[in-house]
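**Q** start-v3.cif (mmCIF, C-alpha atoms) pasted underneath:
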```cif
data_input
loop_
_atom_site.label_atom_id
_atom_site.label_comp_id
_atom_site.auth_asym_id
_atom_site.auth_seq_id
_atom_site.Cartn_x
_atom_site.Cartn_y
_atom_site.Cartn_z
CA MET A 1 -26.37 7.80 24.63
CA SER A 2 -27.57 8.60 21.13
CA LEU A 3 -25.73 10.94 18.86
CA GLU A 4 -28.15 10.47 15.99
CA GLY A 5 -28.22 13.45 13.66
CA LYS A 6 -25.03 14.90 15.13
CA LEU A 7 -21.95 15.71 13.12
CA ALA A 8 -18.49 15.07 14.59
CA LEU A 9 -15.09 16.09 13.30
CA VAL A 10 -12.22 13.91 14.48
CA THR A 11 -8.81 15.34 13.64
CA GLY A 12 -6.30 12.57 13.02
CA GLY A 13 -9.30 10.26 12.82
CA GLY A 14 -7.91 7.80 10.30
CA ARG A 15 -6.02 5.58 12.67
CA GLY A 16 -5.13 4.81 16.25
CA ILE A 17 -7.06 6.57 18.99
CA GLY A 18 -8.76 8.90 16.50
CA ARG A 19 -10.08 5.97 14.50
CA ALA A 20 -11.47 4.31 17.64
CA ILE A 21 -13.17 7.56 18.64
CA ALA A 22 -14.61 8.04 15.16
CA LEU A 23 -16.01 4.51 15.15
CA LYS A 24 -17.42 4.86 18.66
CA LEU A 25 -19.22 8.12 17.87
CA ALA A 26 -20.45 6.61 14.60
CA SER A 27 -21.77 3.57 16.48
CA GLN A 28 -23.89 5.99 18.48
CA GLY A 29 -25.34 7.48 15.32
CA ALA A 30 -23.12 10.48 14.59
CA ASP A 31 -22.02 11.33 11.08
CA ILE A 32 -18.26 11.68 11.00
CA VAL A 33 -15.75 13.91 9.27
CA ILE A 34 -12.27 12.44 9.47
CA ASP A 35 -9.31 14.70 9.08
CA PHE A 36 -6.10 12.98 8.09
CA PHE A 37 -2.68 14.16 7.04
CA ARG A 38 -0.26 11.45 5.97
CA ARG A 39 -2.26 8.22 5.65
CA ARG A 40 -5.01 8.41 3.08
CA GLU A 41 -5.50 4.63 2.87
CA ALA A 42 -6.03 4.38 6.62
CA ALA A 43 -8.54 7.25 6.54
CA GLU A 44 -10.40 5.68 3.63
CA LEU A 45 -10.59 2.37 5.45
CA THR A 46 -11.92 4.05 8.59
CA ALA A 47 -14.49 5.94 6.51
CA LYS A 48 -15.62 2.65 4.99
CA ASP A 49 -15.95 1.09 8.43
CA ILE A 50 -17.96 4.11 9.60
CA GLU A 51 -20.32 3.89 6.64
CA ALA A 52 -20.85 0.22 7.42
CA LEU A 53 -22.39 1.41 10.69
CA GLY A 54 -25.08 3.21 8.69
CA VAL A 55 -23.91 6.79 9.08
CA LYS A 56 -22.16 9.24 6.78
CA ALA A 57 -18.39 9.55 6.62
CA GLU A 58 -16.36 12.25 4.95
CA ILE A 59 -12.59 12.43 4.77
CA ILE A 60 -10.63 15.66 4.49
CA ARG A 61 -6.89 15.94 4.17
CA ALA A 62 -5.47 18.72 6.29
CA ASN A 63 -2.25 19.23 8.19
CA VAL A 64 -3.66 20.87 11.31
CA GLY A 65 -0.24 22.37 11.96
CA ASP A 66 -0.98 24.74 9.08
CA PRO A 67 -3.62 27.40 9.91
CA ALA A 68 -4.54 27.82 6.23
CA LYS A 69 -5.31 24.10 5.99
CA ILE A 70 -7.50 24.27 9.09
CA ASP A 71 -9.43 27.11 7.47
CA GLU A 72 -9.84 25.13 4.25
CA MET A 73 -11.08 22.11 6.22
CA PHE A 74 -13.69 24.14 8.08
CA ASP A 75 -14.74 25.86 4.86
CA VAL A 76 -15.46 22.43 3.40
CA ILE A 77 -17.42 21.37 6.50
CA GLY A 78 -19.31 24.68 6.56
CA ASN A 79 -20.22 24.48 2.89
CA LYS A 80 -21.16 20.84 2.92
CA PHE A 81 -22.93 20.50 6.28
CA GLY A 82 -23.39 24.05 7.59
CA HIS A 83 -22.95 22.97 11.18
CA LEU A 84 -20.89 20.89 13.59
CA ASP A 85 -21.82 19.30 16.93
CA ILE A 86 -18.65 17.60 18.13
CA LEU A 87 -14.99 18.42 17.68
CA ILE A 88 -12.40 15.88 18.76
CA SER A 89 -8.98 17.51 18.72
CA ASN A 90 -6.95 14.36 18.46
CA ALA A 91 -4.32 14.86 15.75
CA ALA A 92 -0.89 14.97 17.31
CA SER A 93 2.72 14.79 16.37
CA GLY A 94 5.97 15.10 18.16
CA VAL A 95 9.68 14.82 18.14
CA GLY A 96 11.33 12.52 20.65
CA ARG A 97 14.59 14.09 21.66
CA PRO A 98 16.58 14.91 24.79
CA ILE A 99 16.28 18.54 25.85
CA THR A 100 19.73 19.40 24.51
CA ASP A 101 18.66 18.37 21.00
CA ILE A 102 15.36 20.20 20.81
CA ASP A 103 15.57 22.88 18.15
CA VAL A 104 13.10 25.59 17.22
CA LYS A 105 11.81 23.54 14.30
CA ALA A 106 10.95 20.55 16.49
CA TRP A 107 9.36 22.79 19.12
CA GLU A 108 7.21 24.72 16.67
CA TRP A 109 6.16 21.65 14.71
CA THR A 110 4.94 19.94 17.87
CA MET A 111 3.28 22.99 19.42
CA ASP A 112 1.57 23.98 16.18
CA ILE A 113 -0.01 20.55 15.74
CA ASN A 114 -0.67 19.63 19.36
CA VAL A 115 -1.81 22.96 20.81
CA ARG A 116 -2.38 25.73 18.29
CA ALA A 117 -4.47 23.45 16.11
CA CYS A 118 -6.88 22.83 18.98
CA LEU A 119 -7.33 26.58 19.49
CA LEU A 120 -7.86 27.28 15.80
CA CYS A 121 -10.20 24.30 15.34
CA ALA A 122 -12.19 25.29 18.44
CA GLN A 123 -12.57 28.85 17.13
CA ARG A 124 -13.94 27.65 13.81
CA ALA A 125 -15.97 24.85 15.40
CA ALA A 126 -17.63 27.23 17.87
CA LYS A 127 -19.05 29.21 14.95
CA LEU A 128 -20.48 26.07 13.39
CA MET A 129 -21.94 25.11 16.79
CA GLU A 130 -23.67 28.49 17.13
CA GLY A 131 -27.22 28.14 18.38
CA ARG A 132 -27.03 24.37 18.76
CA GLY A 133 -24.39 23.88 21.45
CA GLY A 134 -21.60 21.40 21.11
CA LYS A 135 -18.90 19.27 22.63
CA ILE A 136 -15.18 19.61 22.25
CA VAL A 137 -12.79 16.96 23.54
CA SER A 138 -9.03 17.23 23.23
CA ILE A 139 -6.74 14.23 23.53
CA SER A 140 -3.83 14.67 25.89
CA SER A 141 -1.34 12.29 27.45
CA LEU A 142 0.19 11.56 30.82
CA GLY A 143 3.31 13.36 29.65
CA SER A 144 1.50 16.61 30.44
CA ARG A 145 2.12 16.09 34.14
CA PHE A 146 4.66 13.30 34.42
CA VAL A 147 8.15 13.23 32.99
CA LEU A 148 8.94 10.66 30.34
CA PRO A 149 12.35 10.33 28.70
CA ASN A 150 12.77 12.32 25.46
CA TYR A 151 9.16 13.45 25.70
CA THR A 152 9.75 17.09 26.66
CA VAL A 153 8.27 18.82 23.66
CA VAL A 154 5.22 16.59 23.49
CA GLY A 155 4.73 16.65 27.26
CA VAL A 156 4.88 20.44 27.37
CA SER A 157 2.53 20.69 24.40
CA LYS A 158 0.05 18.42 26.17
CA ALA A 159 0.27 20.48 29.36
CA ALA A 160 -0.54 23.55 27.27
CA LEU A 161 -3.36 21.65 25.58
CA GLU A 162 -4.92 20.82 28.94
CA ALA A 163 -4.64 24.47 30.02
CA LEU A 164 -6.21 25.54 26.73
CA THR A 165 -9.00 23.03 27.36
CA ARG A 166 -9.79 24.73 30.69
CA TYR A 167 -9.86 28.19 29.12
CA LEU A 168 -12.03 27.02 26.26
CA ALA A 169 -14.39 25.32 28.73
CA ILE A 170 -15.02 28.56 30.60
CA GLU A 171 -15.22 30.90 27.62
CA LEU A 172 -17.38 28.62 25.52
CA ALA A 173 -19.72 27.50 28.33
CA PRO A 174 -22.12 30.44 27.81
CA ARG A 175 -22.43 29.35 24.17
CA GLY A 176 -23.59 25.91 25.22
CA ILE A 177 -20.33 24.23 24.33
CA SER A 178 -18.68 21.89 26.79
CA VAL A 179 -14.96 21.28 26.55
CA ASN A 180 -12.90 18.54 28.23
CA ALA A 181 -9.75 16.52 27.68
CA VAL A 182 -8.88 12.85 27.94
CA ALA A 183 -5.32 11.92 28.83
CA ALA A 184 -4.17 8.38 28.30
CA SER A 185 -1.01 6.57 29.23
CA ALA A 186 0.76 4.63 26.49
CA VAL A 187 -1.97 3.32 24.19
CA GLU A 188 -1.45 0.35 21.92
CA THR A 189 -1.33 2.09 18.54
CA GLU A 190 0.98 2.44 15.58
CA ALA A 191 2.33 5.65 17.10
CA LEU A 192 3.38 3.67 20.15
CA LYS A 193 5.46 1.36 17.99
CA PHE A 194 7.28 4.48 16.84
CA TYR A 195 7.82 5.55 20.43
CA PHE A 196 9.17 2.10 21.32
CA LYS A 197 11.58 2.39 18.43
CA GLU A 198 12.68 5.85 19.50
CA GLY A 199 13.17 4.61 23.07
CA LEU A 200 10.48 6.96 24.39
CA VAL A 201 8.51 4.33 26.25
CA LYS A 202 9.14 0.83 27.45
CA ASP A 203 6.57 -1.88 27.40
CA SER A 204 4.23 -0.53 30.06
CA ARG A 205 2.11 -3.63 30.54
CA GLN A 206 4.16 -4.43 33.63
CA LEU A 207 3.45 -0.98 35.03
CA THR A 208 -0.32 -1.09 34.67
CA PRO A 209 -2.21 -2.34 37.72
CA VAL A 210 -5.00 -3.81 35.60
CA GLY A 211 -2.47 -5.98 33.77
CA ARG A 212 -2.99 -4.77 30.24
CA MET A 213 -2.19 -1.69 28.25
CA VAL A 214 -4.72 0.97 27.42
CA ILE A 215 -6.30 0.30 24.04
CA PRO A 216 -7.80 2.98 21.75
CA GLU A 217 -11.33 1.84 22.62
CA ASP A 218 -10.72 2.63 26.30
CA VAL A 219 -10.07 6.23 25.33
CA ALA A 220 -12.97 6.29 22.85
CA ASN A 221 -15.43 5.15 25.52
CA VAL A 222 -14.56 8.08 27.76
CA VAL A 223 -14.65 10.54 24.87
CA ALA A 224 -18.12 9.29 23.94
CA PHE A 225 -19.27 9.79 27.52
CA LEU A 226 -17.92 13.36 27.51
CA CYS A 227 -19.87 13.93 24.28
CA SER A 228 -23.09 12.81 25.96
CA GLU A 229 -25.56 14.92 27.95
CA GLU A 230 -24.78 12.76 31.00
CA ALA A 231 -21.44 14.58 31.20
CA PHE A 232 -23.11 18.01 31.10
CA MET A 233 -21.62 19.23 34.38
CA ILE A 234 -18.06 18.11 33.64
CA ARG A 235 -16.21 21.13 32.28
CA GLY A 236 -12.59 21.79 31.49
CA GLN A 237 -11.41 18.57 33.08
CA THR A 238 -8.75 16.17 31.96
CA ILE A 239 -9.93 12.62 32.53
CA ILE A 240 -7.08 10.16 32.90
CA VAL A 241 -7.41 6.77 31.26
CA ASP A 242 -4.42 4.74 32.34
CA GLY A 243 -5.61 1.67 34.20
CA GLY A 244 -4.35 3.22 37.42
CA THR A 245 -0.75 3.55 36.34
CA SER A 246 -0.23 7.15 37.35
CA ILE A 247 -1.72 7.26 40.81
CA GLY A 248 0.84 5.39 42.82
CA LEU A 249 4.27 4.01 43.10
CA PHE A 250 2.87 0.81 41.72
CA ALA A 251 5.81 0.01 39.49
CA LEU A 252 8.34 0.76 42.21
CA ALA A 253 6.38 -1.22 44.77
CA GLY A 254 6.60 -4.36 42.67
CA LYS A 255 2.99 -4.93 41.69
CA GLY A 256 1.80 -5.63 45.22
CA GLU A 257 3.33 -9.07 45.28
CA MET B 1 14.54 23.87 -13.20
CA SER B 2 14.00 20.12 -13.37
CA VAL B 3 11.83 18.26 -10.88
CA GLU B 4 14.97 16.63 -9.51
CA GLU B 5 16.68 19.96 -8.95
CA GLN B 6 13.62 21.45 -7.25
CA VAL B 7 13.27 18.44 -4.93
CA ARG B 8 17.01 18.61 -4.19
CA GLU B 9 16.73 22.28 -3.24
CA ILE B 10 13.78 21.58 -0.93
CA VAL B 11 15.55 18.69 0.81
CA ALA B 12 18.78 20.70 1.15
CA ARG B 13 16.91 23.67 2.62
CA ILE B 14 15.07 21.55 5.17
CA THR B 15 18.01 19.40 6.22
CA ARG B 16 20.43 22.34 6.01
CA VAL B 17 22.98 20.45 3.94
CA ASP B 18 24.74 21.59 0.82
CA LYS B 19 22.71 20.41 -2.13
CA SER B 20 25.84 19.27 -3.96
CA ILE B 21 26.16 16.32 -1.57
CA ILE B 22 22.66 15.02 -2.34
CA THR B 23 22.87 12.43 -5.10
CA ARG B 24 20.19 10.06 -6.31
CA GLN B 25 21.90 7.35 -4.26
CA SER B 26 21.90 9.35 -1.01
CA THR B 27 19.78 7.86 1.75
CA PHE B 28 17.89 10.13 4.14
CA LYS B 29 20.24 8.94 6.86
CA GLU B 30 23.26 10.03 4.85
CA ILE B 31 21.71 13.46 4.38
CA LYS B 32 21.14 13.44 8.16
CA ALA B 33 17.42 13.90 7.69
CA ASP B 34 15.45 12.89 10.78
CA SER B 35 11.80 11.84 10.67
CA LEU B 36 10.62 15.44 11.05
CA ASP B 37 12.86 16.59 8.18
CA VAL B 38 11.42 13.85 5.99
CA VAL B 39 7.81 14.83 6.74
CA GLN B 40 8.57 18.50 6.18
CA ALA B 41 10.31 17.71 2.90
CA LEU B 42 7.33 15.64 1.78
CA VAL B 43 4.92 18.46 2.65
CA ALA B 44 7.06 21.07 0.90
CA VAL B 45 7.33 18.92 -2.22
CA GLU B 46 3.58 18.25 -2.17
CA GLU B 47 2.85 21.95 -2.03
CA THR B 48 5.39 22.84 -4.70
CA PHE B 49 4.03 20.32 -7.19
CA GLY B 50 0.40 20.16 -6.09
CA ILE B 51 0.55 16.41 -5.48
CA GLU B 52 -0.09 14.11 -2.52
CA ILE B 53 2.52 11.65 -1.30
CA PRO B 54 0.93 9.29 1.23
CA ASP B 55 3.21 7.84 3.90
CA GLU B 56 2.42 4.39 2.53
CA GLU B 57 4.36 5.43 -0.61
CA ALA B 58 6.99 7.54 1.13
CA GLN B 59 7.99 4.60 3.31
CA LYS B 60 9.10 2.75 0.18
CA PHE B 61 11.72 5.37 -0.69
CA GLN B 62 15.16 3.86 -0.14
CA ASN B 63 17.04 6.95 -1.25
CA PHE B 64 16.73 10.42 -2.72
CA GLY B 65 16.49 8.93 -6.23
CA ASP B 66 13.36 6.95 -5.29
CA PHE B 67 11.81 10.12 -3.92
CA VAL B 68 12.61 12.06 -7.10
CA SER B 69 11.36 9.27 -9.37
CA TYR B 70 8.06 9.13 -7.50
CA VAL B 71 7.60 12.89 -7.78
CA GLU B 72 8.57 12.87 -11.47
CA ASN B 73 5.98 10.17 -12.17
CA ARG B 74 3.26 11.97 -10.25
CA VAL B 75 4.02 15.28 -11.95
CA ALA B 76 3.98 13.58 -15.35
CA GLN B 77 0.64 11.91 -14.53
CA LYS B 78 -0.77 15.25 -13.45
CA GLU B 79 0.34 16.89 -16.68
CA ARG B 80 -1.36 14.17 -18.72
CA VAL B 81 -4.70 14.75 -16.96
#
```
Using the file provided, produce a representation of the structure as structure tokens.
**A**
Amino acid sequence: MSLEGKLALVTGGGRGIGRAIALKLASQGADIVIDFFRRREAAELTAKDIEALGVKAEIIRANVGDPAKIDEMFDVIGNKFGHLDILISNAASGVGRPITDIDVKAWEWTMDINVRACLLCAQRAAKLMEGRGGKIVSISSLGSRFVLPNYTVVGVSKAALEALTRYLAIELAPRGISVNAVAASAVETEALKFYFKEGLVKDSRQLTPVGRMVIPEDVANVVAFLCSEEAFMIRGQTIIVDGGTSIGLFALAGKGE
Amino acid sequence: MSVEEQVREIVARITRVDKSIITRQSTFKEIKADSLDVVQALVAVEETFGIEIPDEEAQKFQNFGDFVSYVENRVAQKERV
């Protein structure tokens, strides 16, 4: 699975799952553009780690919740590279609140970053993929189809993201662009620590049949596969990476003991 | 308008509190700013002054005064360049 000579943009690529994806694609030879918003140091560190793998790394600061910033980011990519092969729509944000406390601001903030950004990035990316094909992978979560406490806005945004992924997959297929999503359960990242703090998730190690939590590299491996030609016939799908957590009543059944 | 006054107006607008209650000693909690309010205030301040405030720095702010001091320093640095 060689991505040599390819250029990948990973939104939110400075840390967590995005960082793992960026490093994985870089390890397969792709040059990487990392978009970051709030953590420049983390993005710089990831860029350094990518360069150590012998490929190019570029960092761009852009809040993907702001359409003007998305345009600026793609202008930079267009001017500097003139093309794009892979878009990983990973940047996400969210507000953990019970339904009664969700206001318009929290709703729009989450939707703009988690869903609209993927649409706008895909539109711009498709132009840069013109004539060369491409891969787009969005990063979803189990909250798109299962209910987690205080996760409404994010869960709904992820459901919309998965639907958007299907529509993109069909409309962009004739242009040689394949589009899929990867949905993970709770992944051991900094964001998860925030969710623990906010009471959004409990330690899910006990709930995972394989006995450990999902780590960012688990997600990155699947993303890399979806970016390979081996995944050519997979279109518009959401691949779940959760160690089996979601498919049964495992937690209720007491771990099969 | 001073940097402090501009930052106060931005924070008051985003958190929907009366700006007269925001003193340099006010914590974000006292202003009832949740994590989204804080990020939006940071972004608004960044755009107003053309500066970047990384989270690594923002996390050090104990109160509104720390926030203002940081912005004042960055604006002053920018003016020197």
**Q** Could you give me, as JSON lines, a per-residue list for chain B showing, wherever an atom lies at most 10 Å from an atom of chain A, the closest pair of atoms and their distance in Å to one decimal, using all atoms listed in the file and sorting by chain then residue number from low to high?
**A**
```
{"residue": "B:Ile14", "atom": "CA", "partner": "A:Lys105", "partner_atom": "CA", "distance": 9.9}
{"residue": "B:Asp34", "atom": "CA", "partner": "A:Val95", "partner_atom": "CA", "distance": 9.5}
{"residue": "B:Ser35", "atom": "CA", "partner": "A:Val95", "partner_atom": "CA", "distance": 8.3}
{"residue": "B:Leu36", "atom": "CA", "partner": "A:Val95", "partner_atom": "CA", "distance": 7.2}
{"residue": "B:Asp37", "atom": "CA", "partner": "A:Lys105", "partner_atom": "CA", "distance": 9.3}
{"residue": "B:Val39", "atom": "CA", "partner": "A:Arg38", "partner_atom": "CA", "distance": 8.8}
{"residue": "B:Gln40", "atom": "CA", "partner": "A:Trp109", "partner_atom": "CA", "distance": 9.4}
{"residue": "B:Leu42", "atom": "CA", "partner": "A:Arg38", "partner_atom": "CA", "distance": 9.6}
{"residue": "B:Val43", "atom": "CA", "partner": "A:Asn63", "partner_atom": "CA", "distance": 9.1}
{"residue": "B:Glu52", "atom": "CA", "partner": "A:Arg38", "partner_atom": "CA", "distance": 8.9}
{"residue": "B:Ile53", "atom": "CA", "partner": "A:Arg38", "partner_atom": "CA", "distance": 7.8}
{"residue": "B:Pro54", "atom": "CA", "partner": "A:Arg38", "partner_atom": "CA", "distance": 5.3}
{"residue": "B:Asp55", "atom": "CA", "partner": "A:Arg38", "partner_atom": "CA", "distance": 5.4}
{"residue": "B:Glu56", "atom": "CA", "partner": "A:Arg39", "partner_atom": "CA", "distance": 6.8}
{"residue": "B:Glu57", "atom": "CA", "partner": "A:Arg39", "partner_atom": "CA", "distance": 9.5}
{"residue": "B:Ala58", "atom": "CA", "partner": "A:Arg38", "partner_atom": "CA", "distance": 9.6}
```
**Q** Would you mind listing what lies within 10 Å of Ser2 in chain A as a short mmCIF file (atom, residue, chain, number, x, y, z; two decimals) with C-alpha atoms, in the frame of the given file, with all atoms listed in the file counted and same-chain residues fewer than 2 positions away left out?
**A**
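selection_0.cif written:
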```cif
data_model
loop_
_atom_site.label_atom_id
_atom_site.label_comp_id
_atom_site.auth_asym_id
_atom_site.auth_seq_id
_atom_site.Cartn_x
_atom_site.Cartn_y
_atom_site.Cartn_z
CA GLU A 4 -28.15 10.47 15.99
CA GLY A 5 -28.22 13.45 13.66
CA LYS A 6 -25.03 14.90 15.13
CA LEU A 25 -19.22 8.12 17.87
CA ALA A 26 -20.45 6.61 14.60
CA SER A 27 -21.77 3.57 16.48
CA GLN A 28 -23.89 5.99 18.48
CA GLY A 29 -25.34 7.48 15.32
CA ALA A 30 -23.12 10.48 14.59
CA ALA A 224 -18.12 9.29 23.94
CA CYS A 227 -19.87 13.93 24.28
CA SER A 228 -23.09 12.81 25.96
CA GLU A 229 -25.56 14.92 27.95
#
```
**Q** Applied to the shown file, which residues does the PyMOL selection byres ((chain B and resi 30) around 12) return, written as a PDB file with C-alpha atoms, in the frame of the given file?
**A**
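Generated output (out37.pdb):
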```pdb
ATOM      1  CA  THR B  15      18.010  19.400   6.220  1.00  0.00           C
ATOM      2  CA  VAL B  17      22.980  20.450   3.940  1.00  0.00           C
ATOM      3  CA  ILE B  21      26.160  16.320  -1.570  1.00  0.00           C
ATOM      4  CA  ILE B  22      22.660  15.020  -2.340  1.00  0.00           C
ATOM      5  CA  THR B  23      22.870  12.430  -5.100  1.00  0.00           C
ATOM      6  CA  ARG B  24      20.190  10.060  -6.310  1.00  0.00           C
ATOM      7  CA  GLN B  25      21.900   7.350  -4.260  1.00  0.00           C
ATOM      8  CA  SER B  26      21.900   9.350  -1.010  1.00  0.00           C
ATOM      9  CA  THR B  27      19.780   7.860   1.750  1.00  0.00           C
ATOM     10  CA  PHE B  28      17.890  10.130   4.140  1.00  0.00           C
ATOM     11  CA  LYS B  29      20.240   8.940   6.860  1.00  0.00           C
ATOM     12  CA  ILE B  31      21.710  13.460   4.380  1.00  0.00           C
ATOM     13  CA  LYS B  32      21.140  13.440   8.160  1.00  0.00           C
ATOM     14  CA  ALA B  33      17.420  13.900   7.690  1.00  0.00           C
ATOM     15  CA  ASP B  34      15.450  12.890  10.780  1.00  0.00           C
ATOM     16  CA  GLN B  62      15.160   3.860  -0.140  1.00  0.00           C
ATOM     17  CA  ASN B  63      17.040   6.950  -1.250  1.00  0.00           C
ATOM     18  CA  PHE B  64      16.730  10.420  -2.720  1.00  0.00           C
TER      19      PHE B  64
END
```
**Q** Using only C-alpha atoms, which of A:Pro216, A:Gly211, A:Gly133, A:Gly155 sits nearest Val187 in chain A?
**A**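 Ranked by minimum distance to Val187 in chain A, first place goes to A:Pro216.
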**Q** Run the PyMOL selection byres ((chain A and resi 239-243) around 7) mentally over the shown coordinates, then write out the matched residues as a ChimeraX atom specification, using the chain letters and numbers from the document.
**A** /A:181-185,208-210,214,219,237-238,244-246
**Q** One decimal, in Å: what's the spacing between CA of Leu7 in chain A and CA of Asp31 in chain A?
**A**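 Atom-to-atom, CA of Leu7 in chain A to CA of Asp31 in chain A, that is 4.8 Å.
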**Q** How many Å lie between CA of Arg166 in chain A and CA of Val179 in chain A, rounded to one decimal?
**A** 7.5 Å
**Q** For Val64 in chain A, list every protein, DNA or RNA residue within 9 Å, evaluated using all atoms listed in the file, and leave out those in the same chain fewer than 6 positions away; present the list as a compact mmCIF listing (two decimals) with C-alpha atoms, in the frame of the given file.
**A**
```
# COMPACT_ATOMS: atom_id res chain seq x y z
CA THR A 11 -8.81 15.34 13.64
CA GLY A 12 -6.30 12.57 13.02
CA ASP A 35 -9.31 14.70 9.08
CA PHE A 36 -6.10 12.98 8.09
CA PHE A 37 -2.68 14.16 7.04
CA ILE A 70 -7.50 24.27 9.09
CA ALA A 91 -4.32 14.86 15.75
CA ALA A 92 -0.89 14.97 17.31
CA ASP A 112 1.57 23.98 16.18
CA ILE A 113 -0.01 20.55 15.74
CA ASN A 114 -0.67 19.63 19.36
CA ARG A 116 -2.38 25.73 18.29
CA ALA A 117 -4.47 23.45 16.11
CA CYS A 118 -6.88 22.83 18.98
CA LEU A 120 -7.86 27.28 15.80
CA CYS A 121 -10.20 24.30 15.34
```
